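Student: One structure, pasted below without further comment.
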Amino acid sequence: MVSASERNIIEMFYERLRQFQRRLAEASIDVALITDDDNVYYLTGFYDYLHMEFGRPTILIVPREGEVLLITPTIDLNAAQSAARVDRIAAWNDGMGNEWREELPAVIKRAETIAIEPGHMPPLVRSYVNDLVDREKLTSATPILNQMRMIKSDQELQLARHAGEVATAMMNAGREAIGAGVPEFEVAIATSQAGTRKAADLLATHYDDTDMSPNTHFLQIMASGEDIIKTHHRASTRIMNNGEPVFLCFCGMTNFHRFKLGFDRTFWIGEAPEDQVAVYEVAVASQKAALDALRPGVTAESIHAEYAEVIQGAGYEYPFRCGRATGFSFLEAPQLVTGDTTIIQPGMVLAVDGSVSVERFRAQVGDSFIITEDGWEPLTHHPKSVEEVIL
C-alpha cells in the first residue's frame with residue numbers, strides 16, 4: 001500500500017513532467033533530450049544508475065505532448081521500472097543492434113526544434129545527434145529547467161528542512177570529535193555516522209522509499225592547522241593540535257533524499273590566535289551583511305555586493321561568490337555573485353557564506369536558507385560567535 005507521503009513524491013515527478021511539457025510547447029520546442037543526471041532525477045525520480053561517464057548513456061526523451069520515453073541500459077532496467085515515472089522505458093544492451101541509438105532517429109527526424117543540454121550531454125551522444133540533425137534545429141533546454149528548478153515545491157521544501165536536520169547532526173558530531181591528538185579522518189567518520197543515522201531516522205519516520213539510501217555522500221571536506229587555506233581539502237591522517245584552526249564543510253555530504261545544502265564552520269582547538277580571530281570576525285560580519293540584505297525582490301548580485309563591501313572595507317581582497325542556490329544539484333541558479341541579476345523570490349533555497357582568506361589562514365561560515373514571503377527561514381543551525389567555536 002502506498003502511503004500519503006509516497007504518493008506526494010510520485011505526484012511531484014508527474015507534475016514536473018507535465019509542467020516541462022507545457023514549457024516546451026510555449027517555447028515552440030518539439031522534443032527535449034535530457035542527459036544530465038540531476039535533471040533526469042528531477043523529472044522522473046530515476047537516479048544513480050545512469051552510468052553516463054562509463055559510456056552507457058541514459059536519455060530521457062520528453063516531447064511537447066505525448067509519450068515520455070526513457071532510454072537506459074538493460075543492466076538498470078529493474079531499477080528504472082521501479083523508480084522512473086515515465087510512459088515507456090526502452091532498454092538497450094551492449095553490442096546488440098544500435099544500442100541506445102535505436103529509438104533516437106525516429107524521435108529526432110520528425111522534430112523541427114530539438115532541445116538538448118549542451119553542457120551536460122555526453123560527447124558520444126552529442127556527436128550522434130549532430131550527425132542526425134542540422135544544428136540550426138538544436139536549442140538549449142537548460143534555461144527552461146533552471147527556471148523550473150529555481151522555485152521549490154512544498155515537497156522539496158520539506159526535503160530541504162530534513163536535509164538541514166541531517167547537516168546539523170553532522171556538524172554537531174564533527175564538533176564533538178575535534179580535539180588535540182585526534183586525526184582528521186576520525187572527525188569524518190563521526191560526521192558520516194551521525195548524518196547517516198539522522199537520515200535513516202527521517203526516512204523511516206516520514207518516507208516510505210526503502211530504496212533511498214540514508215548514507216552520507218561525498219568525502220568530508222575539512223582542513224586543520226596549516227592546511228586551513230586549502231578550501232576543499234579532504235579529511236586526512238593529519239593529527240590535530242591545540243591552538244589550531246579546523247574547518248568543516250558539508251556542502252557535498254548534505255544530500256538527504258538527493259536534496260543538497262551548503263553548511264560550514266571554522267573552529268579552534270583550545271585557543272584562537274588574535275590575528276585569526278580578527279579575520280574570522282570579518283567573515284561572520286560579511287555573512288550577516290548578506291543576510292540583512294537577503295529578501296524577495298532584490299537581485300542576486302546585490303547580496304554579493306553587501307557581503308563584498310564588508311570584506312573589502314576591512315582591507316581584504318575581493319571575495320569569491322557569496323553563495324548559490326541548491327536543490328537536487330550542488331549548484332543551481334541563481335548564484336549570489338556579480339553579474340547575476342536574477343530577482344530573489346520566495347521558494348528559493350540559497351546557501352549564503354561569509355569568508356575571508358589571507359596568506360596563512362582562511363575563515364568561512366555558511367548556512368542555507370529558504371526564501372520566505374518577507375525574508376528567510378534558516379535550514380542549518382550552529383553557533384558562530386568566537387567564544388562558541390573555540391573547543
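Every chain in the C-alpha cells takes a letter, A first, then B, and so on in the order presented; its residues are numbered from 1, and the ligands are numbered from 1 following the presented order.
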So which residues touch Ser355 in chain A within 7 Å, counting only C-alpha atoms, skipping near sequence neighbours fewer than 2 positions away, as a list in words?
Tutor: Ala283, Asp353, Ser357, Ala363, Gln364 and Val365 of chain A
Student: For range 193-299 of chain A versus range 45-52 of chain A, which residues have an atom no more than 12 Å away, and what is each residue's nearest atom pair and distance in Å rounded to one decimal, using only C-alpha atoms, chain-then-number order, as JSON lines?
Tutor:
```
{"residue": "A:Asp209", "atom": "CA", "partner": "A:Gly45", "partner_atom": "CA", "distance": 11.3}
{"residue": "A:Asp211", "atom": "CA", "partner": "A:Tyr47", "partner_atom": "CA", "distance": 10.7}
{"residue": "A:Met212", "atom": "CA", "partner": "A:Tyr47", "partner_atom": "CA", "distance": 9.9}
{"residue": "A:Ser213", "atom": "CA", "partner": "A:Asp48", "partner_atom": "CA", "distance": 10.8}
{"residue": "A:His217", "atom": "CA", "partner": "A:Asp48", "partner_atom": "CA", "distance": 11.8}
{"residue": "A:His257", "atom": "CA", "partner": "A:Gly45", "partner_atom": "CA", "distance": 10.7}
{"residue": "A:Arg258", "atom": "CA", "partner": "A:Tyr47", "partner_atom": "CA", "distance": 9.1}
```
Student: So that I have them on file, write out the residues from the current selection with all heavy atoms, as a PDB file, in the first residue's frame.
Tutor:
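File again_4.pdb, as written:
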```
ATOM      1  N   ASP A 209      10.165   5.304   1.079  1.00  0.00           N
ATOM      2  CA  ASP A 209      11.051   4.956  -0.024  1.00  0.00           C
ATOM      3  C   ASP A 209      12.224   4.148   0.517  1.00  0.00           C
ATOM      4  O   ASP A 209      13.249   4.690   0.926  1.00  0.00           O
ATOM      5  CB  ASP A 209      11.546   6.232  -0.710  1.00  0.00           C
ATOM      6  CG  ASP A 209      12.370   5.947  -1.953  1.00  0.00           C
ATOM      7  OD1 ASP A 209      12.625   4.762  -2.231  1.00  0.00           O
ATOM      8  OD2 ASP A 209      12.748   6.904  -2.632  1.00  0.00           O
ATOM      9  N   ASP A 211      14.205   2.304  -1.069  1.00  0.00           N
ATOM     10  CA  ASP A 211      15.357   2.291  -1.968  1.00  0.00           C
ATOM     11  C   ASP A 211      16.305   3.458  -1.709  1.00  0.00           C
ATOM     12  O   ASP A 211      17.468   3.411  -2.111  1.00  0.00           O
ATOM     13  CB  ASP A 211      14.897   2.358  -3.430  1.00  0.00           C
ATOM     14  CG  ASP A 211      14.414   1.018  -3.954  1.00  0.00           C
ATOM     15  OD1 ASP A 211      14.769  -0.006  -3.332  1.00  0.00           O
ATOM     16  OD2 ASP A 211      13.687   0.993  -4.946  1.00  0.00           O
ATOM     17  N   MET A 212      15.812   4.526  -1.088  1.00  0.00           N
ATOM     18  CA  MET A 212      16.629   5.724  -0.880  1.00  0.00           C
ATOM     19  C   MET A 212      17.631   5.479   0.242  1.00  0.00           C
ATOM     20  O   MET A 212      17.256   5.197   1.382  1.00  0.00           O
ATOM     21  CB  MET A 212      15.736   6.924  -0.545  1.00  0.00           C
ATOM     22  CG  MET A 212      16.478   8.240  -0.446  1.00  0.00           C
ATOM     23  SD  MET A 212      17.271   8.773  -1.993  1.00  0.00           S
ATOM     24  CE  MET A 212      15.837   9.142  -3.013  1.00  0.00           C
ATOM     25  N   SER A 213      18.908   5.590  -0.061  1.00  0.00           N
ATOM     26  CA  SER A 213      19.948   5.327   0.931  1.00  0.00           C
ATOM     27  C   SER A 213      20.063   6.473   1.928  1.00  0.00           C
ATOM     28  O   SER A 213      20.059   7.645   1.543  1.00  0.00           O
ATOM     29  CB  SER A 213      21.298   5.130   0.241  1.00  0.00           C
ATOM     30  OG  SER A 213      22.331   4.988   1.204  1.00  0.00           O
ATOM     31  N   HIS A 217      26.829  11.180   1.424  1.00  0.00           N
ATOM     32  CA  HIS A 217      27.533  11.160   0.161  1.00  0.00           C
ATOM     33  C   HIS A 217      28.793  12.035   0.268  1.00  0.00           C
ATOM     34  O   HIS A 217      28.869  12.915   1.113  1.00  0.00           O
ATOM     35  CB  HIS A 217      26.653  11.719  -0.962  1.00  0.00           C
ATOM     36  CG  HIS A 217      25.406  10.938  -1.199  1.00  0.00           C
ATOM     37  ND1 HIS A 217      24.449  10.744  -0.231  1.00  0.00           N
ATOM     38  CD2 HIS A 217      24.940  10.310  -2.305  1.00  0.00           C
ATOM     39  CE1 HIS A 217      23.449  10.028  -0.726  1.00  0.00           C
ATOM     40  NE2 HIS A 217      23.723   9.756  -1.990  1.00  0.00           N
ATOM     41  N   HIS A 257      17.830  12.547   0.689  1.00  0.00           N
ATOM     42  CA  HIS A 257      16.818  12.271  -0.346  1.00  0.00           C
ATOM     43  C   HIS A 257      17.178  13.026  -1.630  1.00  0.00           C
ATOM     44  O   HIS A 257      16.327  13.531  -2.339  1.00  0.00           O
ATOM     45  CB  HIS A 257      15.419  12.665   0.131  1.00  0.00           C
ATOM     46  CG  HIS A 257      14.341  11.730  -0.335  1.00  0.00           C
ATOM     47  ND1 HIS A 257      13.953  11.640  -1.641  1.00  0.00           N
ATOM     48  CD2 HIS A 257      13.567  10.843   0.343  1.00  0.00           C
ATOM     49  CE1 HIS A 257      12.974  10.752  -1.758  1.00  0.00           C
ATOM     50  NE2 HIS A 257      12.724  10.243  -0.563  1.00  0.00           N
ATOM     51  N   ARG A 258      18.495  13.126  -1.852  1.00  0.00           N
ATOM     52  CA  ARG A 258      19.111  13.783  -3.010  1.00  0.00           C
ATOM     53  C   ARG A 258      19.011  15.305  -2.965  1.00  0.00           C
ATOM     54  O   ARG A 258      19.436  15.979  -3.902  1.00  0.00           O
ATOM     55  CB  ARG A 258      18.542  13.243  -4.327  1.00  0.00           C
ATOM     56  CG  ARG A 258      18.847  11.775  -4.552  1.00  0.00           C
ATOM     57  CD  ARG A 258      18.517  11.312  -5.944  1.00  0.00           C
ATOM     58  NE  ARG A 258      19.245  12.050  -6.961  1.00  0.00           N
ATOM     59  CZ  ARG A 258      20.500  11.793  -7.322  1.00  0.00           C
ATOM     60  NH1 ARG A 258      21.179  10.840  -6.734  1.00  0.00           N
ATOM     61  NH2 ARG A 258      21.075  12.504  -8.275  1.00  0.00           N
TER      62      ARG A 258
END
```
Student: Once DSSP has gone over the backbone, tell me which residues of range 103-163 of chain A are in strand (DSSP E), as a compact mmCIF listing (two decimals) with C-alpha atoms, in the first residue's frame.
Tutor:
```txt
# COMPACT_ATOMS: atom_id res chain seq x y z
CA ILE A 114 15.08 19.86 -30.52
CA ALA A 115 16.22 20.97 -27.07
CA ILE A 116 19.38 19.44 -25.60
CA LEU A 138 19.02 22.50 -31.90
CA THR A 139 18.33 24.74 -28.93
CA SER A 140 19.01 24.51 -25.19
```
Student: Would you mind telling me which residue in A:Ile34, A:Ile75, A:Cys251, A:Ala141 lies nearest to Ala163 in chain A when using only C-alpha atoms?
Tutor: A:Cys251
Student: Find the residues around Arg265 in chain A up to 8 Å (only C-alpha atoms counted), leave out those fewer than 4 positions away in its own chain, and share them as a list in words.
Tutor: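 Everything that qualifies: Phe247, Leu248, Cys249, Gln364, Val365, Gly366 and Lys384 of chain A.
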Student: As a PyMOL selection string, please: every residue in range 36-189 of chain A that a backbone DSSP assignment puts in alpha helix (DSSP H).
Tutor: chain A and resi 37-44+77-83+104-109+123-132+142-150+154-177+184-189
Student: Considering only C-alpha atoms, can you say which of A:Asn215, A:Gln155, A:Thr254, A:Gln335 comes closest to Ala167 in chain A?
Tutor: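 Going through A:Asn215, A:Gln155, A:Thr254, A:Gln335 one by one, the smallest distance to Ala167 in chain A is for A:Thr254.
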Student: Using only C-alpha atoms, find each residue of range 33-62 of chain A with at least one atom at most 12 Å away from an atom of range 307-327 of chain A; report its shortest atom-to-atom pair and that distance in Å (one decimal), sort the rows by chain and rising residue number, and return the result as a tab-separated table.
Tutor:
```
residue	atom	partner	partner_atom	distance
A:Asp38	CA	A:Gly327	CA	9.7
A:Asn39	CA	A:Gly327	CA	11.1
A:Tyr41	CA	A:Gly327	CA	11.7
A:Tyr42	CA	A:Gly327	CA	9.7
```
Student: Mind dumping the selected residues with N, CA, C and O atoms as a PDB file, in the first residue's frame?
Tutor:
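Final file, selection17.pdb:
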```pdb
ATOM      1  N   ASP A  38      21.044  14.859 -12.761  1.00  0.00           N
ATOM      2  CA  ASP A  38      20.147  15.520 -11.810  1.00  0.00           C
ATOM      3  C   ASP A  38      18.822  15.912 -12.448  1.00  0.00           C
ATOM      4  O   ASP A  38      17.779  15.869 -11.795  1.00  0.00           O
ATOM      5  N   ASN A  39      18.852  16.280 -13.723  1.00  0.00           N
ATOM      6  CA  ASN A  39      17.603  16.625 -14.392  1.00  0.00           C
ATOM      7  C   ASN A  39      16.769  15.396 -14.720  1.00  0.00           C
ATOM      8  O   ASN A  39      15.535  15.453 -14.693  1.00  0.00           O
ATOM      9  N   TYR A  41      16.655  12.835 -12.785  1.00  0.00           N
ATOM     10  CA  TYR A  41      16.002  12.581 -11.497  1.00  0.00           C
ATOM     11  C   TYR A  41      14.901  13.598 -11.223  1.00  0.00           C
ATOM     12  O   TYR A  41      13.793  13.222 -10.810  1.00  0.00           O
ATOM     13  N   TYR A  42      15.187  14.851 -11.450  1.00  0.00           N
ATOM     14  CA  TYR A  42      14.214  15.910 -11.162  1.00  0.00           C
ATOM     15  C   TYR A  42      12.889  15.680 -11.886  1.00  0.00           C
ATOM     16  O   TYR A  42      11.814  15.918 -11.335  1.00  0.00           O
TER      17      TYR A  42
END
```
Student: So, with only C-alpha atoms as the atoms that count, which of A:Phe218, A:Tyr207, A:Phe267, A:Phe369 lies closest to Gly164 in chain A?
Tutor: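 Between A:Phe218, A:Tyr207, A:Phe267, A:Phe369, the residue approaching Gly164 in chain A most closely is A:Phe369.
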Student: Can you tell me which residues surround Ser224 in chain A at a distance of at most 9 Å, considering only C-alpha atoms, apart from same-chain residues fewer than 6 positions away, and format the answer as a PDB file with all heavy atoms, in the first residue's frame?
Tutor:
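For reference, result17.pdb as written:
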```
ATOM      1  N   GLU A 184      42.315  13.729  11.554  1.00  0.00           N
ATOM      2  CA  GLU A 184      41.168  14.307  10.850  1.00  0.00           C
ATOM      3  C   GLU A 184      40.153  13.247  10.433  1.00  0.00           C
ATOM      4  O   GLU A 184      38.941  13.483  10.511  1.00  0.00           O
ATOM      5  CB  GLU A 184      41.647  15.068   9.615  1.00  0.00           C
ATOM      6  CG  GLU A 184      42.396  16.347   9.918  1.00  0.00           C
ATOM      7  CD  GLU A 184      42.888  17.048   8.657  1.00  0.00           C
ATOM      8  OE1 GLU A 184      42.836  16.423   7.569  1.00  0.00           O
ATOM      9  OE2 GLU A 184      43.327  18.204   8.756  1.00  0.00           O
ATOM     10  N   ALA A 235      39.479  15.193   4.550  1.00  0.00           N
ATOM     11  CA  ALA A 235      39.993  14.664   5.809  1.00  0.00           C
ATOM     12  C   ALA A 235      41.136  13.698   5.540  1.00  0.00           C
ATOM     13  O   ALA A 235      41.035  12.827   4.677  1.00  0.00           O
ATOM     14  CB  ALA A 235      38.877  13.961   6.572  1.00  0.00           C
ATOM     15  N   ARG A 238      46.239  13.493   9.135  1.00  0.00           N
ATOM     16  CA  ARG A 238      46.894  14.536   9.930  1.00  0.00           C
ATOM     17  C   ARG A 238      46.329  14.572  11.352  1.00  0.00           C
ATOM     18  O   ARG A 238      45.120  14.506  11.571  1.00  0.00           O
ATOM     19  CB  ARG A 238      46.700  15.901   9.268  1.00  0.00           C
ATOM     20  CG  ARG A 238      47.443  17.015   9.989  1.00  0.00           C
ATOM     21  CD  ARG A 238      47.165  18.391   9.389  1.00  0.00           C
ATOM     22  NE  ARG A 238      48.030  19.386  10.006  1.00  0.00           N
ATOM     23  CZ  ARG A 238      47.774  19.970  11.174  1.00  0.00           C
ATOM     24  NH1 ARG A 238      46.666  19.659  11.836  1.00  0.00           N
ATOM     25  NH2 ARG A 238      48.609  20.845  11.690  1.00  0.00           N
ATOM     26  N   ILE A 239      47.233  14.713  12.332  1.00  0.00           N
ATOM     27  CA  ILE A 239      46.841  14.819  13.735  1.00  0.00           C
ATOM     28  C   ILE A 239      46.635  16.292  14.089  1.00  0.00           C
ATOM     29  O   ILE A 239      47.511  17.132  13.846  1.00  0.00           O
ATOM     30  CB  ILE A 239      47.917  14.212  14.670  1.00  0.00           C
ATOM     31  CG1 ILE A 239      48.213  12.766  14.271  1.00  0.00           C
ATOM     32  CG2 ILE A 239      47.465  14.301  16.125  1.00  0.00           C
ATOM     33  CD1 ILE A 239      47.048  11.834  14.387  1.00  0.00           C
ATOM     34  N   MET A 240      45.476  16.614  14.639  1.00  0.00           N
ATOM     35  CA  MET A 240      45.181  17.998  15.032  1.00  0.00           C
ATOM     36  C   MET A 240      45.840  18.333  16.371  1.00  0.00           C
ATOM     37  O   MET A 240      46.011  17.456  17.234  1.00  0.00           O
ATOM     38  CB  MET A 240      43.669  18.195  15.122  1.00  0.00           C
ATOM     39  CG  MET A 240      42.962  18.031  13.778  1.00  0.00           C
ATOM     40  SD  MET A 240      41.153  18.149  13.882  1.00  0.00           S
ATOM     41  CE  MET A 240      40.767  16.549  14.627  1.00  0.00           C
ATOM     42  N   ASN A 241      46.185  19.617  16.534  1.00  0.00           N
ATOM     43  CA  ASN A 241      46.907  20.062  17.724  1.00  0.00           C
ATOM     44  C   ASN A 241      46.219  21.245  18.394  1.00  0.00           C
ATOM     45  O   ASN A 241      45.425  21.961  17.768  1.00  0.00           O
ATOM     46  CB  ASN A 241      48.344  20.471  17.344  1.00  0.00           C
ATOM     47  CG  ASN A 241      49.128  19.308  16.771  1.00  0.00           C
ATOM     48  OD1 ASN A 241      49.365  18.318  17.449  1.00  0.00           O
ATOM     49  ND2 ASN A 241      49.526  19.433  15.505  1.00  0.00           N
ATOM     50  N   GLU A 244      45.139  25.120  17.014  1.00  0.00           N
ATOM     51  CA  GLU A 244      44.971  25.121  15.564  1.00  0.00           C
ATOM     52  C   GLU A 244      43.527  25.396  15.153  1.00  0.00           C
ATOM     53  O   GLU A 244      42.591  25.012  15.861  1.00  0.00           O
ATOM     54  CB  GLU A 244      45.395  23.767  14.984  1.00  0.00           C
ATOM     55  CG  GLU A 244      46.881  23.511  15.039  1.00  0.00           C
ATOM     56  CD  GLU A 244      47.260  22.215  14.348  1.00  0.00           C
ATOM     57  OE1 GLU A 244      46.384  21.325  14.199  1.00  0.00           O
ATOM     58  OE2 GLU A 244      48.439  22.084  13.969  1.00  0.00           O
ATOM     59  N   PRO A 245      43.361  26.027  13.988  1.00  0.00           N
ATOM     60  CA  PRO A 245      42.019  26.164  13.433  1.00  0.00           C
ATOM     61  C   PRO A 245      41.604  24.883  12.722  1.00  0.00           C
ATOM     62  O   PRO A 245      42.455  24.120  12.248  1.00  0.00           O
ATOM     63  CB  PRO A 245      42.179  27.310  12.434  1.00  0.00           C
ATOM     64  CG  PRO A 245      43.594  27.177  11.959  1.00  0.00           C
ATOM     65  CD  PRO A 245      44.382  26.681  13.143  1.00  0.00           C
ATOM     66  N   VAL A 246      40.298  24.656  12.658  1.00  0.00           N
ATOM     67  CA  VAL A 246      39.746  23.486  11.954  1.00  0.00           C
ATOM     68  C   VAL A 246      38.529  23.948  11.164  1.00  0.00           C
ATOM     69  O   VAL A 246      37.651  24.630  11.699  1.00  0.00           O
ATOM     70  CB  VAL A 246      39.328  22.374  12.942  1.00  0.00           C
ATOM     71  CG1 VAL A 246      38.760  21.174  12.172  1.00  0.00           C
ATOM     72  CG2 VAL A 246      40.492  21.952  13.821  1.00  0.00           C
ATOM     73  N   PHE A 247      38.478  23.559   9.904  1.00  0.00           N
ATOM     74  CA  PHE A 247      37.360  23.928   9.035  1.00  0.00           C
ATOM     75  C   PHE A 247      36.564  22.680   8.677  1.00  0.00           C
ATOM     76  O   PHE A 247      37.130  21.675   8.256  1.00  0.00           O
ATOM     77  CB  PHE A 247      37.900  24.585   7.755  1.00  0.00           C
ATOM     78  CG  PHE A 247      36.839  24.905   6.731  1.00  0.00           C
ATOM     79  CD1 PHE A 247      35.813  25.782   7.017  1.00  0.00           C
ATOM     80  CD2 PHE A 247      36.884  24.307   5.478  1.00  0.00           C
ATOM     81  CE1 PHE A 247      34.841  26.091   6.072  1.00  0.00           C
ATOM     82  CE2 PHE A 247      35.916  24.600   4.519  1.00  0.00           C
ATOM     83  CZ  PHE A 247      34.894  25.492   4.817  1.00  0.00           C
ATOM     84  N   TRP A 268      38.377  26.418  16.502  1.00  0.00           N
ATOM     85  CA  TRP A 268      39.751  26.342  17.022  1.00  0.00           C
ATOM     86  C   TRP A 268      39.779  25.339  18.162  1.00  0.00           C
ATOM     87  O   TRP A 268      38.774  25.151  18.869  1.00  0.00           O
ATOM     88  CB  TRP A 268      40.227  27.698  17.554  1.00  0.00           C
ATOM     89  CG  TRP A 268      40.572  28.691  16.504  1.00  0.00           C
ATOM     90  CD1 TRP A 268      41.774  28.868  15.891  1.00  0.00           C
ATOM     91  CD2 TRP A 268      39.702  29.680  15.959  1.00  0.00           C
ATOM     92  NE1 TRP A 268      41.704  29.897  14.989  1.00  0.00           N
ATOM     93  CE2 TRP A 268      40.439  30.416  15.000  1.00  0.00           C
ATOM     94  CE3 TRP A 268      38.359  30.014  16.166  1.00  0.00           C
ATOM     95  CZ2 TRP A 268      39.892  31.455  14.279  1.00  0.00           C
ATOM     96  CZ3 TRP A 268      37.800  31.050  15.443  1.00  0.00           C
ATOM     97  CH2 TRP A 268      38.573  31.755  14.502  1.00  0.00           C
TER      98      TRP A 268
END
```
Student: Give me, please, the distance in Å between CA of Trp100 in chain A and CA of Phe328 in chain A, quoted to one decimal.
Tutor: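 So the two atoms, CA of Trp100 in chain A and CA of Phe328 in chain A, lie 25.7 Å apart.
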Student: Could you check how far CA of Arg197 in chain A sits from CA of Val166 in chain A, in Å to one decimal?
Tutor: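 Atom-to-atom, CA of Arg197 in chain A and CA of Val166 in chain A are spaced 8.6 Å apart.
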Student: Choose the residue, out of A:Met12, A:Leu124, A:Ile178, A:Val86, that has the smallest atom-to-atom separation from Phe54 in chain A; count only C-alpha atoms.
Tutor: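 Among A:Met12, A:Leu124, A:Ile178, A:Val86, it is A:Leu124 that comes nearest to Phe54 in chain A.
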Student: My list of candidates is A:Lys230, A:Arg135, A:Arg161, A:Arg362. Which is closest to Pro378 in chain A when distances are computed with only C-alpha atoms?
Tutor: A:Arg161
Student: For Thr142 in chain A, which residue out of A:Arg7, A:Arg23, A:His232, A:Arg85 is the nearest one, using only C-alpha atoms?
Tutor: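 Ranked by minimum distance to Thr142 in chain A, first place goes to A:Arg23.
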